[in-house]
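Note sheet for the following structure.
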There are 2 protein chains.
Amino acid sequence: MSIEKLYGGIEAGGTKFVCVVAGGPGRIVDEIRFKTTLPAETLERAIQFFRPFITSGQVNAIGIGSFGPLDLNSKSATYGFITSTPKPGWGNTNVLGTIQQALRVKAGLDTDVNVAALGESIWGASKGHDPSLYLTIGTGIGGGYVKEGRSLIGMLHPEMGHLRIPHNREADPFPGSCPFHGDCFEGLASGPAIEKRLGVSGAVVGENDPFWDIEADYIAYALVNYILTLSPRKIILGGGVMQREFLFPKVRRKVRELLNGYVSSKTILENIDSYILPPGLGNQSGSLGAIALAMQVDETKDDPRT
Amino acid sequence: MSIEKLYGGIEAGGTKFVCVVAGGPGRIVDEIRFKTTLPAETLERAIQFFRPFITSGQVNAIGIGSFGPLDLNSKSATYGFITSTPKPGWGNTNVLGTIQQALRVKAGLDTDVNVAALGESIWGASKGHDPSLYLTIGTGIGGGYVKEGRSLIGMLHPEMGHLRIPHNREADPFPGSCPFHGDCFEGLASGPAIEKRLGVSGAVVGENDPFWDIEADYIAYALVNYILTLSPRKIILGGGVMQREFLFPKVRRKVRELLNGYVSSKTILENIDSYILPPGLGNQSGSLGAIALAMQVDETKDDPRT
């Protein structure tokens with residue numbers, strides 16, 4: 001009997017870490033979740049979790065999807081670091097190097113959303129549809145884009161939650177909550193923006209509240225801009241705000257209305273219900289995406305132990 | 001004495017065609033320009049121009065940068081066609097196949113802006129800076145993006161001139177000129193939008209006219225969205241409107257102001273003068289880009305004559 005090959009995945013969030021050992025979806029062998037405290041302590045917990053699997057030879061590659069901003073330029077002296085985050089203690093933290101060196105393992109790092117996009121493209125809602133976009137709309141807004149199995153990283157990684165979109169101040173006088181940009185997409189449509197505007201969490205706002213049309217419009221404006229720039233074959237919307245499923249038909253309708261037939265794709269004109277979708281991996285896009293990244297790393301990187 | 005290897009390039013515009021035979025910049029051996037009339041006649045003129053170079057064996061690959069929309073999906077039955085253009089006679093025209101079959105030559109097709117972006121990335125202002133973005137702001141607005149030497153094509157090719165951006169109707173009550181979207185980026189900031197709004201061509205509007213601040217703001221809004229989505233290492237702005245060089249400092253200033261330190265790149269924070277640039281190839285980005293595409297095609301495609 002052969003032992004199944006396993007991989008390690010870390011979903012490194014600003015609030016919590018999820019570490020998994022898995023062979024793929026439905027083949028999760030072990031999992032641990034813990035609060036994100038200070039870097040040394042938090043990364044050490046992850047290291048302790050993975051160590052036995054590495055010692056036993058079952059795992060030799062780890063993928064990490066992390067909150068940011070990250071330095072993903074492999075030629076940079078701070079490659080693999082969380083850079084200028086406002087999260088206390090985490091500025092200038094060598095996440096990739098710490099994991100790699102402590103465990104002497106192949107490891108890869110990408111943004112949380114790029115990793116989720118990768119996971120969805122391999123096992124989830126965008127499987128077989130390349131390129132694809134994954135957007136999370138929750139505490140913050142971020143997007144990841146995968147083309148030919150690889151995430152888009154340029155000079156820096158994208159920060160597509162901060163797009164500037166039309167803001168109808170008559171219908172919605174809320175000035176926006178982004179400390180950098182005021183009424184950018186995240187400043188208008190993230191969970192905290194909703195709560196600040198309405199005084200209560202979006203989770204308790206009734207489905208028939210007229211605010212949801214405003215929210216759907218903002219999401220649609222951003223999606224139209226991504227479609228015109230990146231031309232994905234699938235768009236996946238995750239995150240806490242998108243748990244309100246009634247938003248999907250509103251967003252799809254508005255996207256079609258805004259494009260107004262300009263992007264003459266049958267997918268958009270006739271099949272938009274299967275174009276803009278919730279995640280196929282539910283709340284596991286991030287952790288399974290990290291497993292997918294580990295698989296890629298395993299295929300492409302040299303083993304640090306040899 | 002060896003004969004220099006040459007390539008054919010076609011800049012297929014809605015108004016005029018430029019055909020060149022060249023080995024690269026400064027090595028243009030022959031060139032012809034003619035008005036875009038009906039497809040059969042126009043493509044035949046291009047074919048006649050190239051035929052002697054192909055017969056002599058000097059050219060065996062042609063690159064085409066064309067107006068669109070184009071079908072660039074190689075699995076599609078109408079791959080290589082101009083599809084639903086409003087230009088009379090050109091709807092459903094097999095541009096790539098016509099050139100390929102008449103000349104029995106390797107040929108490649110991409111959008112005019114993707115091809116210009118490619119040319120700039122090989123010989124122009126973005127040489128050595130990958131990924132890069134080329135934007136033309138003229139009769140229309142379009143953008144091309146090159147990463148690792150290849151243009152971005154997704155489900156369809158990008159149409160990034162049609163982004164939705166904030167429109168300050170108090171300062172600028174002009175409703176926008178785009179027949180599909182009204183006040184999208186192209187509808188607010190293209191040459192025809194300027195002329196429709198001011199009653200005269202932008203070319204004759206004085207440098208101190210307050211309108212130029214409005215124009216620069218729209219361009220900056222769009223650039224910020226591209227930066228946050230595509231994270232290019234260089235942005236090149238071409239096209240008729242950008243001939244007004246005083247727009248560059250205005251655009252750069254506004255981009256920095258809008259990003260507000262959020263994208264913490266030294267390039268943007270300290271060196272924005274060399275980040276947002278005019279084309280390095282002047283008005284030859286398109287025709288030389290087509291030569292660059294021909295070179296790529298020559299390396300990767302099989303010869304149709306063998």
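Letters for chains follow the order of the structure tokens (A, B, ...), residue numbers begin at 1 for each chain, and ligand numbers begin at 1 in the order shown.
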
Counting only C-alpha atoms, which residues in chain A sit no more than 6 Å from chain B? For each one, give the nearest pair of atoms and the distance in Å, sorted by chain then residue number, as a Markdown table.
```
| residue | atom | partner | partner_atom | distance |
| --- | --- | --- | --- | --- |
| A:Pro131 | CA | B:Gly154 | CA | 6.0 |
| A:Gly154 | CA | B:Ser231 | CA | 4.8 |
| A:Met155 | CA | B:Arg233 | CA | 5.3 |
| A:Leu156 | CA | B:Ser231 | CA | 5.9 |
| A:Pro158 | CA | B:Thr229 | CA | 5.1 |
| A:Glu159 | CA | B:Leu228 | CA | 4.9 |
| A:Met160 | CA | B:Thr229 | CA | 5.0 |
| A:Leu163 | CA | B:Asn225 | CA | 5.2 |
| A:Ile165 | CA | B:Ile165 | CA | 4.9 |
| A:Pro166 | CA | B:Pro166 | CA | 4.1 |
| A:Asn225 | CA | B:Leu163 | CA | 5.2 |
| A:Leu228 | CA | B:Glu159 | CA | 4.9 |
| A:Thr229 | CA | B:Met160 | CA | 5.0 |
| A:Ser231 | CA | B:Gly154 | CA | 4.7 |
| A:Pro232 | CA | B:Gly154 | CA | 5.7 |
| A:Arg233 | CA | B:Met155 | CA | 5.3 |
```

Inset, instruction - Pull the alpha helix (DSSP H) assignments for range 121-253 of chain B out of DSSP run on the backbone, and list those residues as a PyMOL selection string. - result: chain B and resi 121-123+185-189+191-198+211-230+247-253

Inset, instruction - Write out as a PyMOL selection string all residues of range 92-275 of chain B that backbone DSSP assigns to strand (DSSP E). - result: chain B and resi 93-94+106-111+132-137+141-147+150-151+234-238

Inset, instruction - Have a look at CA of Ile214 in chain B and CA of Arg169 in chain A and let me know their distance in Å, one decimal. - result: 19.1 Å

Inset, instruction - Tell me which protein, DNA and RNA residues are within 12 Å of Thr300 in chain B, counting only C-alpha atoms, leaving out same-chain ones fewer than 3 positions away, and put them as an MDAnalysis selection string. - result: chainID B and resid 61 106:108 293:297 303

I need the chosen residues saved as an mmCIF file, in the first residue's frame, with C-alpha atoms.
```
data_model
loop_
_atom_site.group_PDB
_atom_site.id
_atom_site.type_symbol
_atom_site.label_atom_id
_atom_site.label_comp_id
_atom_site.auth_asym_id
_atom_site.auth_seq_id
_atom_site.Cartn_x
_atom_site.Cartn_y
_atom_site.Cartn_z
ATOM 1 C CA ALA B 61 6.089 35.925 -41.039
ATOM 2 C CA LYS B 106 3.004 32.496 -40.923
ATOM 3 C CA ALA B 107 0.824 35.267 -39.493
ATOM 4 C CA GLY B 108 -0.337 36.480 -36.107
ATOM 5 C CA LEU B 293 4.505 40.098 -33.304
ATOM 6 C CA ALA B 294 5.782 38.687 -36.606
ATOM 7 C CA MET B 295 9.063 37.777 -34.914
ATOM 8 C CA GLN B 296 7.160 35.937 -32.167
ATOM 9 C CA VAL B 297 5.034 34.138 -34.728
ATOM 10 C CA ASP B 303 5.476 27.205 -41.510
#
```

Inset, instruction - May I have the residues within 10 Å of Leu118 in chain A as a PyMOL selection string, using only C-alpha atoms and disregarding those fewer than 6 positions away in the same chain? - result: chain A and resi 112+124+126-127+132-134+144-147+149-151+285-286+288-293
